[in-house]
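Here is the structure we will look at, set down as structure tokens.
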Amino acid sequence: MSRTRTPVVADWFTGEGEDFRLLGTRCSACASVFFPREDTFCRNPGCAGGELLSVPLSRRGRVWSYTDSRYRPPAPYVSDPELPWQPYTLIAVELEAERLVVLGQAVPAVSVADLEVGMEVEVVPGVLDEDGDTTWTTWHWRPTGVAA
């Protein structure tokens with residue numbers, strides 16, 4: 001059965017494989033970079049504002065912090081209460097060029113035992129969930145040198 005691949009949030013990432021990138025915005029007036037993207041106004045309080053341009057963000061960064069999710073979050077989080085909860089690892093990554101910290105899940109095979117603050121990771125395509133018709137896509141962080 002073929003499922004439609006649909007981003008969890010439109011316009012936050014693009015591409016596949018080595019071309020996969022998170023998408024942010026950069027203010028043309030002050031050069032501030034934002035993720036999640038900002039399409040209305042510059043969030044820099046010291047900036048009068050400029051055009052907000054879509055920009056691909058660095059594929060690599062360094063682990064800034066990490067933790068695991070060992071409990072089922074309350075609503076509005078969507079999960080099947082009939083299925084056992086599967087813990088997952090969350091990583092906050094400081095992007096290489098932008099020096100911006102972005103939160104995301106680790107690839108499924110990576111646990112907190114595999115991580116250290118400061119280690120290099122890269123952004124890769126991921127799957128958040130699947131239902132009968134749709135594969136909901138997102139991004140994951142993977143330590144460099146680890147196969148998908």
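Naming works like this for the structure tokens: A, B, ... for the chains as they're shown, residue 1 at the start of each chain, ligands 1 onward in shown order.
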
>> Give me, as a list in words, all polymer residues having an atom no more than 10 Å from segment 110-121 of chain A, counting only C-alpha atoms and skipping those fewer than 5 positions away in the same chain.
In response: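 Skipping anything fewer than 5 positions along the chain leaves Arg59, Arg60, Gly61, Arg62, Val63, Trp64, Ser65, Tyr66, Thr67, Asp68, Pro87, Tyr88, Thr89, Leu90, Ile91, Ala92, Val93, Glu94, Leu95, Glu96, Gln105, His140, Trp141, Arg142, Pro143, Thr144, Gly145 and Val146 of chain A.
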
>> Residues near Arg3 of chain A, anyone? I mean within 7 Å using only C-alpha atoms, not counting same-chain ones fewer than 3 positions away, as a ChimeraX atom specification.
In response: /A:133-135

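Distance-wise, atom CA of Gly50 of chain A and atom CA of Leu100 of chain A end up 19.7 Å apart.
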
> Mind checking DSSP for chain A and telling me the helix (DSSP H, G or I) residues as JSON, numbers by chain?
Replying inline: {"A": [17, 18, 19, 112, 113, 114]}

For the selection you just gave me, I'd like the residues written to a file as a PDB file, in the first residue's frame, keeping C-alpha atoms.
ATOM      1  CA  GLY A  17      18.654  12.429   1.620  1.00  0.00           C
ATOM      2  CA  GLU A  18      21.714  14.686   1.467  1.00  0.00           C
ATOM      3  CA  ASP A  19      19.527  17.533   0.160  1.00  0.00           C
ATOM      4  CA  VAL A 112      20.354   9.243  25.587  1.00  0.00           C
ATOM      5  CA  ALA A 113      23.130   6.720  26.286  1.00  0.00           C
ATOM      6  CA  ASP A 114      24.458   7.388  22.760  1.00  0.00           C
TER       7      ASP A 114
END

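Distance-wise, atom CA of Pro76 of chain A and atom CA of Glu38 of chain A end up 23.6 Å apart.
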
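When atom CA of Arg26 of chain A is paired with atom CA of Thr14 of chain A, their separation reads 16.6 Å.
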
>> If you run DSSP on the backbone here, which positions in chain A get strand (DSSP E)? Please write them as a PyMOL selection string.
In response: chain A and resi 4-7+13-14+21-27+33-34+52-56+60-69+88-95+101-106+120-130+134-143

Export of the given selection (C-alpha atoms) as a PDB file, in the first residue's frame:
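Once written, selection.pdb looks like this:
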ATOM      1  CA  THR A   4       0.987   9.949   0.724  1.00  0.00           C
ATOM      2  CA  ARG A   5       4.052  11.572   2.326  1.00  0.00           C
ATOM      3  CA  THR A   6       2.878  14.755   4.043  1.00  0.00           C
ATOM      4  CA  PRO A   7       5.005  17.136   6.144  1.00  0.00           C
ATOM      5  CA  PHE A  13      11.761  21.454   5.806  1.00  0.00           C
ATOM      6  CA  THR A  14      12.445  20.357   2.250  1.00  0.00           C
ATOM      7  CA  ARG A  21      17.218  20.873   5.029  1.00  0.00           C
ATOM      8  CA  LEU A  22      15.247  22.669   7.701  1.00  0.00           C
ATOM      9  CA  LEU A  23      13.896  25.970   6.382  1.00  0.00           C
ATOM     10  CA  GLY A  24      14.109  29.181   8.354  1.00  0.00           C
ATOM     11  CA  THR A  25      13.736  32.831   7.534  1.00  0.00           C
ATOM     12  CA  ARG A  26      16.309  35.628   7.539  1.00  0.00           C
ATOM     13  CA  CYS A  27      15.497  39.311   7.986  1.00  0.00           C
ATOM     14  CA  VAL A  33      17.646  33.987  11.357  1.00  0.00           C
ATOM     15  CA  PHE A  34      14.511  32.339  12.746  1.00  0.00           C
ATOM     16  CA  LEU A  52      11.784  37.936   5.503  1.00  0.00           C
ATOM     17  CA  LEU A  53      13.544  35.560   3.131  1.00  0.00           C
ATOM     18  CA  SER A  54      13.279  31.770   3.223  1.00  0.00           C
ATOM     19  CA  VAL A  55      16.702  30.199   3.845  1.00  0.00           C
ATOM     20  CA  PRO A  56      17.918  26.615   4.174  1.00  0.00           C
ATOM     21  CA  ARG A  60      24.925  19.923  11.005  1.00  0.00           C
ATOM     22  CA  GLY A  61      25.280  21.201  14.507  1.00  0.00           C
ATOM     23  CA  ARG A  62      26.344  20.205  18.013  1.00  0.00           C
ATOM     24  CA  VAL A  63      24.251  18.700  20.786  1.00  0.00           C
ATOM     25  CA  TRP A  64      23.349  21.513  23.159  1.00  0.00           C
ATOM     26  CA  SER A  65      21.138  19.378  25.425  1.00  0.00           C
ATOM     27  CA  TYR A  66      19.130  16.140  25.321  1.00  0.00           C
ATOM     28  CA  THR A  67      16.574  14.111  27.245  1.00  0.00           C
ATOM     29  CA  ASP A  68      14.088  11.306  26.730  1.00  0.00           C
ATOM     30  CA  SER A  69      10.323  11.207  26.828  1.00  0.00           C
ATOM     31  CA  TYR A  88      11.863   8.656  22.291  1.00  0.00           C
ATOM     32  CA  THR A  89      14.938  10.859  22.576  1.00  0.00           C
ATOM     33  CA  LEU A  90      14.793  14.650  22.178  1.00  0.00           C
ATOM     34  CA  ILE A  91      17.870  16.652  21.181  1.00  0.00           C
ATOM     35  CA  ALA A  92      18.435  20.417  21.242  1.00  0.00           C
ATOM     36  CA  VAL A  93      21.034  21.205  18.564  1.00  0.00           C
ATOM     37  CA  GLU A  94      22.998  24.404  18.066  1.00  0.00           C
ATOM     38  CA  LEU A  95      23.244  24.790  14.288  1.00  0.00           C
ATOM     39  CA  VAL A 101      19.220  26.042  18.858  1.00  0.00           C
ATOM     40  CA  VAL A 102      16.632  23.738  17.235  1.00  0.00           C
ATOM     41  CA  LEU A 103      14.765  20.971  19.072  1.00  0.00           C
ATOM     42  CA  GLY A 104      13.857  17.657  17.450  1.00  0.00           C
ATOM     43  CA  GLN A 105      13.659  13.927  17.956  1.00  0.00           C
ATOM     44  CA  ALA A 106      16.672  11.679  17.514  1.00  0.00           C
ATOM     45  CA  GLU A 120      28.175  16.561  16.101  1.00  0.00           C
ATOM     46  CA  VAL A 121      24.765  15.611  14.687  1.00  0.00           C
ATOM     47  CA  GLU A 122      23.045  16.111  11.350  1.00  0.00           C
ATOM     48  CA  VAL A 123      19.440  16.646  10.348  1.00  0.00           C
ATOM     49  CA  VAL A 124      17.807  13.827   8.379  1.00  0.00           C
ATOM     50  CA  PRO A 125      14.281  13.124   7.112  1.00  0.00           C
ATOM     51  CA  GLY A 126      12.087  11.316   9.610  1.00  0.00           C
ATOM     52  CA  VAL A 127       8.624   9.866  10.072  1.00  0.00           C
ATOM     53  CA  LEU A 128       6.461  11.055  12.952  1.00  0.00           C
ATOM     54  CA  ASP A 129       3.463   8.798  12.344  1.00  0.00           C
ATOM     55  CA  GLU A 130       1.595   6.771   9.749  1.00  0.00           C
ATOM     56  CA  THR A 134      -0.599   9.147   5.099  1.00  0.00           C
ATOM     57  CA  THR A 135       3.032   9.038   6.227  1.00  0.00           C
ATOM     58  CA  TRP A 136       3.536  12.168   8.338  1.00  0.00           C
ATOM     59  CA  THR A 137       7.102  13.381   7.770  1.00  0.00           C
ATOM     60  CA  THR A 138       9.325  15.463  10.043  1.00  0.00           C
ATOM     61  CA  TRP A 139      13.036  15.859  10.820  1.00  0.00           C
ATOM     62  CA  HIS A 140      15.266  13.818  13.104  1.00  0.00           C
ATOM     63  CA  TRP A 141      18.764  14.379  14.473  1.00  0.00           C
ATOM     64  CA  ARG A 142      21.399  11.688  13.896  1.00  0.00           C
ATOM     65  CA  PRO A 143      24.951  11.599  15.244  1.00  0.00           C
TER      66      PRO A 143
END

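Proximity ranking of A:Glu16, A:Val78, A:Pro108, A:Cys30 relative to Pro45 of chain A places A:Cys30 first, based on only C-alpha atoms.
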